[in-house]
Amino acid sequence: MGMAKKWMMEQDERGYSFIEGNICSDCFTDETIKNFIKENATSAKCDYCGKKSRKKMAAKFDDVMGVIVKGIALDWTDPDSGGITYEGREGGYATQPNRMSPAGVSMFYGSFDEKTAFLETYSPSLAKEDEVINIGKFITKKFLRVLDIGSLLPTPSVFDIENQHLIKPLRFLHQFADDIAKPIVRNGAEHQEYAPTQVVTEYFRNNYRYLEGKIDGIIYKSSRKGGKTACVLFCDEGGACNPEDVGNDTAIMELSRVSYKKASDYE
Ligand SMILES: [Zn+2]
């Protein structure tokens with residue numbers, strides 16, 4: 001049994017979703033995680049960045065997740081312990097691998113206004129001339145519970161004794177929110193840049209519980225100039241349906257309108 005699964009079963013009787021595959025040390029910048037992977041390598045291939053080697057250099061994603069989940073939990077709950085610090089950089093476009101989802105894990109990326117959706121997905125350098133942009137408007141079909149890191153409270157002062165327990169969790173969430181807001185350079189190192197935010201997002205998707213259950217997504221501030229609030233919802237292609245798809249109970253949102261625009265319409 002993997003470390004993460006064991007740990008989660010100890011912590012939470014409601015279960016834990018497996019994440020399959022192996023990940024290499026080049027996919028992380030944190031020294032502790034890098035060393036853990038080197039010492040626990042079981043595969044010569046990284047399923048995450050696709051790198052192959054003659055010797056074993058990738059460890060089970062589930063085991064690596066165990067180290068990270070433990071670190072996050074310590075960092076969140078025990079003010080005296082060091083825990084791991086979250087040091088990732090993030091940003092990016094809505095193509096795979098994505099800012100919050102590794103290749104193969106699907107999520108819904110959206111925003112609350114058209115312009116932000118455009119800014120989040122459109123890349124002028126990759127655009128073709130006279131490219132038509134399809135904009136879909138979705139209506140949620142049920143009450144969704146989301147983590148809003150787009151409007152976090154400020155981290156309390158160390159002298160604010162009453163709120164001292166909030167310093168570490170808020171510091172962590174602010175770092176997570178900042179990483180999502182940083183623009184990324186497409187230079188082939190995206191995998192390493194994305195890994196920390198993706199892992200933290202996987203944690204919120206699969207492990208985190210708020211009161212009686214899981215959360216449905218994360219709201220964050222757009223990293224684009226002029227962009228407002230954006231969101232990621234934890235669902236696959238079955239999570240969105242057309243109005244004529246009656247009886248689709250798994251869908252959490254319904255497409256209500258499609259419009260066609262050009263990039264110049266948003267200038
Ligand atoms: Zn890798």
# chains A, B, ... in the order shown; residues from 1 in each chain; ligands from 1

$ closest_atom_pairs --of "chain A" --to "ligand 1" --cutoff "9 Å" --atoms "only C-alpha atoms and all ligand atoms" --output "CSV"
residue,atom,partner,partner_atom_place_in_ligand_line,distance
A:Asn22,CA,ligand 1,1 (Zn),8.2
A:Ile23,CA,ligand 1,1 (Zn),5.1
A:Cys24,CA,ligand 1,1 (Zn),4.0
A:Ser25,CA,ligand 1,1 (Zn),6.3
A:Asp26,CA,ligand 1,1 (Zn),5.3
A:Cys27,CA,ligand 1,1 (Zn),4.5
A:Phe28,CA,ligand 1,1 (Zn),8.1
A:Lys45,CA,ligand 1,1 (Zn),7.9
A:Cys46,CA,ligand 1,1 (Zn),4.7
A:Asp47,CA,ligand 1,1 (Zn),6.8
A:Tyr48,CA,ligand 1,1 (Zn),5.1
A:Cys49,CA,ligand 1,1 (Zn),4.2
A:Gly50,CA,ligand 1,1 (Zn),6.3
A:Lys51,CA,ligand 1,1 (Zn),5.8
A:Lys52,CA,ligand 1,1 (Zn),8.6
A:Met57,CA,ligand 1,1 (Zn),8.8
A:Ala58,CA,ligand 1,1 (Zn),7.3
A:His191,CA,ligand 1,1 (Zn),7.3
A:Gln192,CA,ligand 1,1 (Zn),7.6

$ residues_around --residues "segment 127-143 of chain A" --least-positions-apart "5" --cutoff "12 Å" --atoms "only C-alpha atoms" --output "CSV table (one decimal) with N, CA and C atoms, in the first residue's frame"
chain,number,residue,atom,x,y,z
A,108,PHE,N,-12.6,21.5,-15.6
A,108,PHE,CA,-13.3,22.5,-16.4
A,108,PHE,C,-12.7,23.9,-15.9
A,109,TYR,N,-12.2,24.6,-16.9
A,109,TYR,CA,-11.7,26.0,-16.6
A,109,TYR,C,-12.7,27.0,-17.1
A,110,GLY,N,-13.0,27.9,-16.3
A,110,GLY,CA,-14.0,28.9,-16.7
A,110,GLY,C,-13.7,30.3,-16.0
A,111,SER,N,-14.6,31.2,-16.3
A,111,SER,CA,-14.5,32.5,-15.6
A,111,SER,C,-15.9,33.0,-15.5
A,112,PHE,N,-16.1,34.2,-14.8
A,112,PHE,CA,-17.4,34.7,-14.6
A,112,PHE,C,-17.7,35.8,-15.6
A,113,ASP,N,-16.8,36.2,-16.5
A,113,ASP,CA,-17.1,37.1,-17.5
A,113,ASP,C,-16.3,36.7,-18.8
A,114,GLU,N,-16.8,37.1,-20.0
A,114,GLU,CA,-16.3,36.7,-21.2
A,114,GLU,C,-14.8,37.1,-21.5
A,115,LYS,N,-14.5,38.3,-21.1
A,115,LYS,CA,-13.2,38.9,-21.3
A,115,LYS,C,-12.1,38.1,-20.6
A,116,THR,N,-12.4,37.7,-19.4
A,116,THR,CA,-11.4,37.0,-18.6
A,116,THR,C,-11.2,35.6,-19.2
A,117,ALA,N,-12.3,34.9,-19.7
A,117,ALA,CA,-12.2,33.6,-20.3
A,117,ALA,C,-11.3,33.8,-21.6
A,118,PHE,N,-11.5,34.9,-22.3
A,118,PHE,CA,-10.6,35.1,-23.5
A,118,PHE,C,-9.2,35.3,-23.1
A,119,LEU,N,-8.9,36.2,-22.1
A,119,LEU,CA,-7.5,36.4,-21.7
A,119,LEU,C,-6.8,35.2,-21.1
A,121,THR,N,-7.3,32.1,-22.0
A,121,THR,CA,-7.0,31.0,-23.0
A,121,THR,C,-6.3,31.5,-24.3
A,122,TYR,N,-6.4,32.7,-24.6
A,122,TYR,CA,-5.9,33.2,-25.8
A,122,TYR,C,-4.4,33.6,-25.7
A,215,ILE,N,-14.9,19.3,-2.0
A,215,ILE,CA,-15.3,20.6,-2.7
A,215,ILE,C,-15.3,20.4,-4.2
A,216,ASP,N,-16.0,21.2,-4.9
A,216,ASP,CA,-16.3,21.1,-6.3
A,216,ASP,C,-15.3,21.9,-7.2
A,217,GLY,N,-14.5,22.7,-6.6
A,217,GLY,CA,-13.5,23.5,-7.4
A,217,GLY,C,-12.9,24.6,-6.7
A,233,LEU,N,-13.3,23.8,-12.1
A,233,LEU,CA,-14.3,22.9,-11.5
A,233,LEU,C,-13.8,21.4,-11.7
A,239,GLY,N,-19.3,16.3,-17.0
A,239,GLY,CA,-19.7,17.3,-16.0
A,239,GLY,C,-20.5,18.5,-16.7
A,240,ALA,N,-20.4,18.6,-18.0
A,240,ALA,CA,-21.1,19.7,-18.7
A,240,ALA,C,-22.1,19.0,-19.7
A,241,CYS,N,-23.3,19.5,-19.9
A,241,CYS,CA,-24.2,18.9,-20.8
A,241,CYS,C,-24.9,20.0,-21.6
A,242,ASN,N,-25.6,19.6,-22.7
A,242,ASN,CA,-26.4,20.4,-23.5
A,242,ASN,C,-27.8,20.4,-22.9
A,243,PRO,N,-28.6,21.5,-23.1
A,243,PRO,CA,-30.0,21.5,-22.6
A,243,PRO,C,-30.8,20.3,-23.0
A,248,ASN,N,-29.5,13.7,-17.6
A,248,ASN,CA,-28.1,13.6,-17.3
A,248,ASN,C,-27.9,14.1,-15.8
A,249,ASP,N,-27.8,13.2,-14.9
A,249,ASP,CA,-27.7,13.6,-13.5
A,249,ASP,C,-26.3,13.9,-13.1
A,250,THR,N,-25.3,13.4,-13.9
A,250,THR,CA,-23.9,13.7,-13.4
A,250,THR,C,-23.4,15.1,-13.8
A,251,ALA,N,-24.1,15.7,-14.8
A,251,ALA,CA,-23.7,17.0,-15.2
A,251,ALA,C,-23.9,18.1,-14.1
A,252,ILE,N,-22.9,18.9,-13.9
A,252,ILE,CA,-23.0,19.9,-12.9
A,252,ILE,C,-23.3,21.3,-13.5
A,253,MET,N,-23.2,21.3,-14.9
A,253,MET,CA,-23.6,22.6,-15.6
A,253,MET,C,-24.1,22.3,-17.0
A,254,GLU,N,-24.8,23.3,-17.5
A,254,GLU,CA,-25.5,23.1,-18.7
A,254,GLU,C,-25.1,24.3,-19.6
A,255,LEU,N,-24.8,24.0,-20.9
A,255,LEU,CA,-24.4,25.0,-21.9
A,255,LEU,C,-25.7,25.8,-22.2
A,256,SER,N,-25.6,27.1,-22.1
A,256,SER,CA,-26.8,27.9,-22.4
A,256,SER,C,-26.7,28.7,-23.6
A,257,ARG,N,-25.5,29.0,-24.0
A,257,ARG,CA,-25.3,29.9,-25.2
A,257,ARG,C,-23.9,29.8,-25.8
A,258,VAL,N,-23.8,29.8,-27.1
A,258,VAL,CA,-22.5,29.8,-27.7
A,258,VAL,C,-22.4,31.1,-28.6
A,259,SER,N,-21.3,31.8,-28.5
A,259,SER,CA,-21.2,33.0,-29.4
A,259,SER,C,-19.8,32.9,-30.1
A,260,TYR,N,-19.7,33.6,-31.2
A,260,TYR,CA,-18.4,33.6,-32.0
A,260,TYR,C,-17.8,35.0,-32.0
A,261,LYS,N,-16.6,35.1,-31.7
A,261,LYS,CA,-15.9,36.4,-31.7
A,261,LYS,C,-14.5,36.3,-32.3
A,262,LYS,N,-14.0,37.5,-32.5
A,262,LYS,CA,-12.6,37.6,-33.0
A,262,LYS,C,-11.8,38.2,-31.8
A,263,ALA,N,-10.5,38.0,-31.8
A,263,ALA,CA,-9.6,38.6,-30.8
A,263,ALA,C,-9.7,40.1,-30.7
A,264,SER,N,-9.9,40.7,-31.9
A,264,SER,CA,-10.0,42.2,-31.9
A,264,SER,C,-11.3,42.7,-31.2
A,265,ASP,N,-12.3,41.8,-31.0
A,265,ASP,CA,-13.5,42.2,-30.3
A,265,ASP,C,-13.2,42.5,-28.8
A,266,TYR,N,-12.1,42.0,-28.3
A,266,TYR,CA,-11.8,42.2,-26.9
A,266,TYR,C,-10.8,43.3,-26.7

$ residues_around --residues "Leu173 of chain A" --least-positions-apart "3" --cutoff "10 Å" --atoms "only C-alpha atoms" --output "PyMOL selection string"
chain A and resi 76+86+148-150+152-153+155+168-170+176-179

$ atom_distance --atom1 "atom CA of Asp63 of chain A" --atom2 "atom CA of Val146 of chain A"
26.9 Å

$ atom_distance --atom1 "atom CA of Leu144 of chain A" --atom2 "atom CA of Cys235 of chain A"
11.7 Å

$ select_by_dssp --residues "segment 125-206 of chain A" --states "strand (DSSP E)" --output "MDAnalysis selection string"
chainID A and resid 132:140 146:148

$ residues_around --residues "Tyr210 of chain A" --least-positions-apart "2" --cutoff "10 Å" --atoms "only C-alpha atoms" --output "list in words"
Arg145, Val146, Leu147, Phe204, Tyr208, Glu212, Gly213, Lys214 and Ile215 of chain A

$ atom_distance --atom1 "atom CA of Asn40 of chain A" --atom2 "atom CA of Ala59 of chain A"
5.6 Å
